[in-house]
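Here is upload_2.tsv, consisting of TSV, C-alpha atoms:
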chain	number	residue	atom	x	y	z
U	1	MET	CA	-28.95	5.26	21.66
U	2	ALA	CA	-28.84	9.06	21.74
U	3	VAL	CA	-31.37	11.02	23.73
U	4	THR	CA	-32.89	13.89	21.80
U	5	ALA	CA	-34.66	16.87	23.23
U	6	PRO	CA	-38.39	17.03	22.67
U	7	ARG	CA	-39.47	19.01	19.66
U	8	PRO	CA	-40.69	22.48	20.68
U	9	THR	CA	-44.43	22.89	20.44
U	10	ALA	CA	-46.43	26.11	20.22
U	11	ARG	CA	-46.91	26.03	23.98
U	12	ASN	CA	-43.16	25.65	24.64
U	13	ARG	CA	-42.27	28.41	22.20
U	14	ARG	CA	-44.80	30.72	23.83
U	15	ALA	CA	-43.31	30.08	27.25
U	16	ASP	CA	-39.82	30.82	25.94
U	17	ALA	CA	-40.87	34.20	24.52
U	18	PRO	CA	-40.57	37.24	26.79
U	19	SER	CA	-43.74	38.25	28.70
U	20	GLY	CA	-45.56	35.08	27.66
U	21	ARG	CA	-46.46	36.38	24.20
U	22	PRO	CA	-45.56	34.58	21.00
U	23	ALA	CA	-42.43	35.93	19.39
U	24	ARG	CA	-43.09	38.48	16.68
U	25	ARG	CA	-41.90	37.57	13.24
U	26	ARG	CA	-38.99	39.60	11.98
U	27	GLY	CA	-40.03	42.39	9.62
U	28	ARG	CA	-43.75	42.13	10.41
U	29	ILE	CA	-45.38	45.40	11.40
U	30	GLN	CA	-48.12	45.58	14.00
U	31	TRP	CA	-50.78	47.89	12.51
U	32	LYS	CA	-53.07	48.19	15.54
U	33	GLY	CA	-51.05	50.96	17.12
U	34	TYR	CA	-51.05	52.94	13.89
U	35	LEU	CA	-54.80	52.50	13.58
U	36	TYR	CA	-55.30	53.95	17.06
U	37	ALA	CA	-53.14	56.96	16.17
U	38	LEU	CA	-54.84	57.51	12.80
U	39	PRO	CA	-57.70	59.76	14.04
U	40	ALA	CA	-55.24	62.01	15.88
U	41	LEU	CA	-53.01	62.19	12.82
U	42	ALA	CA	-56.03	63.05	10.65
U	43	VAL	CA	-57.01	65.92	12.96
U	44	LEU	CA	-53.39	67.10	13.12
U	45	THR	CA	-53.17	67.04	9.34
U	46	ALA	CA	-56.52	68.77	8.77
U	47	PHE	CA	-56.09	71.54	11.31
U	48	LEU	CA	-52.33	72.10	11.47
U	49	LEU	CA	-50.34	70.71	8.57
U	50	VAL	CA	-52.69	71.67	5.69
U	51	PRO	CA	-53.19	75.27	6.91
U	52	PHE	CA	-49.44	75.58	7.48
U	53	GLY	CA	-48.79	74.44	3.91
U	54	GLN	CA	-51.32	76.96	2.63
U	55	LEU	CA	-49.65	79.66	4.72
U	56	VAL	CA	-46.27	78.90	3.18
U	57	GLN	CA	-47.79	78.90	-0.31
U	58	ILE	CA	-49.58	82.23	0.19
U	59	SER	CA	-46.46	83.79	1.69
U	60	LEU	CA	-44.66	83.32	-1.61
U	61	TYR	CA	-47.07	85.69	-3.41
U	62	HIS	CA	-47.92	89.39	-3.33
U	63	TRP	CA	-51.64	89.31	-2.61
U	64	ASP	CA	-54.11	91.64	-0.93
U	65	GLY	CA	-56.74	88.94	-0.50
U	66	VAL	CA	-59.06	90.23	-3.23
U	67	SER	CA	-57.24	90.86	-6.48
U	68	ALA	CA	-55.09	88.43	-8.45
U	69	SER	CA	-51.84	87.41	-6.83
U	70	THR	CA	-48.38	87.81	-8.30
U	71	TRP	CA	-45.33	85.66	-7.61
U	72	ALA	CA	-42.99	87.17	-5.03
U	73	GLY	CA	-40.70	84.29	-4.21
U	74	LEU	CA	-38.70	85.02	-1.07
U	75	ALA	CA	-39.17	88.82	-1.39
U	76	ASN	CA	-41.74	88.86	1.44
U	77	TYR	CA	-39.28	87.12	3.76
U	78	THR	CA	-36.42	89.50	2.88
U	79	GLU	CA	-38.78	92.43	3.51
U	80	ILE	CA	-39.53	91.06	6.98
U	81	ALA	CA	-35.80	90.64	7.67
U	82	ARG	CA	-35.06	94.22	6.59
U	83	ASN	CA	-37.92	95.92	8.46
U	84	PRO	CA	-36.76	96.80	12.00
U	85	GLN	CA	-40.32	97.14	13.36
U	86	LEU	CA	-41.27	93.66	12.19
U	87	ARG	CA	-38.03	92.22	13.57
U	88	ALA	CA	-38.77	93.87	16.92
U	89	GLY	CA	-42.28	92.38	16.91
U	90	PHE	CA	-40.93	88.90	16.21
U	91	LEU	CA	-38.30	89.33	18.93
U	92	HIS	CA	-40.93	90.40	21.48
U	93	SER	CA	-43.11	87.44	20.54
U	94	PHE	CA	-40.14	85.09	20.93
U	95	VAL	CA	-39.34	86.52	24.37
U	96	LEU	CA	-42.97	86.11	25.48
U	97	ILE	CA	-43.07	82.52	24.24
U	98	LEU	CA	-39.78	81.79	25.98
U	99	PHE	CA	-40.74	83.26	29.36
U	100	PHE	CA	-44.43	82.31	29.46
U	101	ALA	CA	-44.37	78.89	27.78
U	102	VAL	CA	-40.93	77.28	27.65
U	103	PHE	CA	-39.47	78.26	31.04
U	104	PRO	CA	-42.59	77.41	33.11
U	105	ILE	CA	-42.90	73.99	31.47
U	106	VAL	CA	-39.22	73.18	31.98
U	107	LEU	CA	-39.37	74.41	35.59
U	108	ALA	CA	-42.54	72.39	36.27
U	109	LEU	CA	-40.96	69.24	34.83
U	110	LEU	CA	-37.84	69.73	36.93
U	111	LEU	CA	-39.87	70.30	40.11
U	112	ALA	CA	-42.01	67.24	39.36
U	113	ALA	CA	-38.89	65.14	38.86
U	114	VAL	CA	-37.36	66.42	42.10
U	115	THR	CA	-40.51	65.86	44.18
U	116	THR	CA	-40.97	62.38	42.70
U	117	ARG	CA	-37.42	61.31	43.56
U	118	ALA	CA	-37.46	62.99	46.97
U	119	SER	CA	-40.47	61.10	48.32
U	120	ARG	CA	-38.62	59.98	51.45
U	121	LEU	CA	-37.60	63.48	52.55
U	122	ARG	CA	-39.43	65.27	55.33
U	123	GLY	CA	-41.74	68.06	54.19
U	124	VAL	CA	-42.13	66.86	50.63
U	125	SER	CA	-45.94	67.11	50.95
U	126	PHE	CA	-45.58	70.78	51.86
U	127	PHE	CA	-43.43	71.47	48.79
U	128	ARG	CA	-45.87	69.62	46.54
U	129	ALA	CA	-48.70	71.74	47.95
U	130	VAL	CA	-46.71	74.94	47.37
U	131	ILE	CA	-46.02	73.90	43.80
U	132	PHE	CA	-49.68	73.00	43.17
U	133	LEU	CA	-51.19	76.00	45.01
U	134	PRO	CA	-50.93	78.54	42.14
U	135	GLN	CA	-53.08	76.28	39.95
U	136	VAL	CA	-55.78	76.04	42.61
U	137	VAL	CA	-55.68	79.76	43.40
U	138	ALA	CA	-56.14	80.65	39.74
U	139	MET	CA	-59.22	78.42	39.49
U	140	VAL	CA	-60.71	79.87	42.68
U	141	VAL	CA	-60.16	83.44	41.51
U	142	THR	CA	-61.75	82.67	38.13
U	143	ALA	CA	-64.76	81.00	39.76
U	144	THR	CA	-65.21	83.94	42.14
U	145	ALA	CA	-65.02	86.46	39.29
U	146	TRP	CA	-67.64	84.62	37.22
U	147	THR	CA	-69.89	84.26	40.26
U	148	ALA	CA	-69.69	88.03	40.77
U	149	ILE	CA	-70.48	88.64	37.09
U	150	TYR	CA	-73.50	86.31	37.02
U	151	ALA	CA	-74.93	87.24	40.46
U	152	PRO	CA	-78.49	88.66	40.49
U	153	ASP	CA	-77.07	92.10	41.29
U	154	GLY	CA	-73.81	91.42	39.46
U	155	ILE	CA	-72.02	93.26	36.70
U	156	LEU	CA	-73.84	91.56	33.81
U	157	ASN	CA	-77.38	92.21	35.08
U	158	THR	CA	-76.44	95.77	36.06
U	159	ALA	CA	-75.12	96.45	32.56
U	160	LEU	CA	-78.24	94.95	30.98
U	161	ARG	CA	-80.50	97.13	33.16
U	162	THR	CA	-78.43	100.20	32.28
U	163	PHE	CA	-79.02	99.64	28.58
U	164	GLY	CA	-82.77	99.10	29.07
U	165	LEU	CA	-82.70	95.33	28.73
U	166	LYS	CA	-84.29	94.54	32.11
U	167	ALA	CA	-86.38	91.76	30.55
U	168	VAL	CA	-83.20	89.88	29.59
U	169	THR	CA	-81.72	89.85	33.10
U	170	ARG	CA	-81.70	86.57	35.02
U	171	PRO	CA	-81.65	85.94	38.77

Kindly transcribe the structure held in the file into structure tokens.
Amino acid sequence: MAVTAPRPTARNRRADAPSGRPARRRGRIQWKGYLYALPALAVLTAFLLVPFGQLVQISLYHWDGVSASTWAGLANYTEIARNPQLRAGFLHSFVLILFFAVFPIVLALLLAAVTTRASRLRGVSFFRAVIFLPQVVAMVVTATAWTAIYAPDGILNTALRTFGLKAVTRP
């Protein structure tokens, strides 16, 4: 008489699946994650993708914003490419984006990675404080400036009194 293995039940199958969850059927899509992302995608579409599409559409026409538009095709883009002042403006904008957005983010990510991996080194707390200090200093300077503006004898109340609006001033 041959001994056969017990037939797997739902409980046995669940235990065999990784992380204790029942195995997902092949080809079945889990929609919950997409439903959670749907509001963000709707906002992204409404405020970024639709205006960008309208921008591209308008850029293909000669239009002053009031009168009827005429088809231009890619003529507006070739005009931008030929105009040295516009090219210089785009180049300056690119340089500003590169040095004030891309490089600081890349540098911050690299420093965060280094300080995370170097947790056993001596003085790591000091380096983390030095990295974080510019953020704190900027907030303190901003708070001090606004306190000086809104003070009872601050810049805002002084300007209001100068223009004869003493009744609008606040302590």

Taking only C-alpha atoms into account, name the residue in U:Leu111, U:Ile29, U:Phe163, U:Val56 that is nearest to Val124 (chain U).
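Among U:Leu111, U:Ile29, U:Phe163, U:Val56, it is U:Leu111 that comes nearest to Val124 (chain U).
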
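Pairwise distance (CA of Ile149 (chain U), CA of Leu165 (chain U)) equals 16.2 Å.
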
In Å, rounded to a single decimal, give me how far CA of Ala138 (chain U) is from CA of Gly154 (chain U).
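It comes out at 20.7 Å.
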
Which residues are close to Pro152 (chain U), i.e. within 10 Å by all atoms listed in the file, leaving aside same-chain residues fewer than 6 positions away? Reply as a short mmCIF file (atom, residue, chain, number, x, y, z; two decimals) with C-alpha atoms, keeping the file's coordinate frame.
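For reference, selection06.cif as written:
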data_model
loop_
_atom_site.label_atom_id
_atom_site.label_comp_id
_atom_site.auth_asym_id
_atom_site.auth_seq_id
_atom_site.Cartn_x
_atom_site.Cartn_y
_atom_site.Cartn_z
CA THR U 158 -76.44 95.77 36.06
CA THR U 169 -81.72 89.85 33.10
CA ARG U 170 -81.70 86.57 35.02
CA PRO U 171 -81.65 85.94 38.77
#

Counting all atoms listed in the file, the residue of U:Thr115, U:Gln57, U:Thr142, U:Ser69 that sits nearest Val130 (chain U)
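Ranking U:Thr115, U:Gln57, U:Thr142, U:Ser69 by distance to Val130 (chain U), first place goes to U:Thr115.
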
Pairwise distance for CA of Ala112 (chain U) and CA of Ser125 (chain U), rounded to one decimal in Å:
12.2 Å

Axis-aligned box over every listed atom of region 128-145 of chain U, padded by 6 Å per side: centre and edges in Å to one decimal, as lines of an AutoDock Vina configuration file?
center_x = -55.5
center_y = 78.0
center_z = 43.0
size_x = 31.3
size_y = 28.8
size_z = 21.8

Do a neighbour search on Ala108 (chain U) at 9 Å with all atoms listed in the file, toss out local chain neighbours closer than 5 positions, and write the hits as a compact mmCIF listing (two decimals) with C-alpha atoms, in the coordinates of the input.
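Output saved as part-v5.txt:
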# COMPACT_ATOMS: atom_id res chain seq x y z
CA PHE U 103 -39.47 78.26 31.04
CA ALA U 113 -38.89 65.14 38.86
CA ILE U 131 -46.02 73.90 43.80
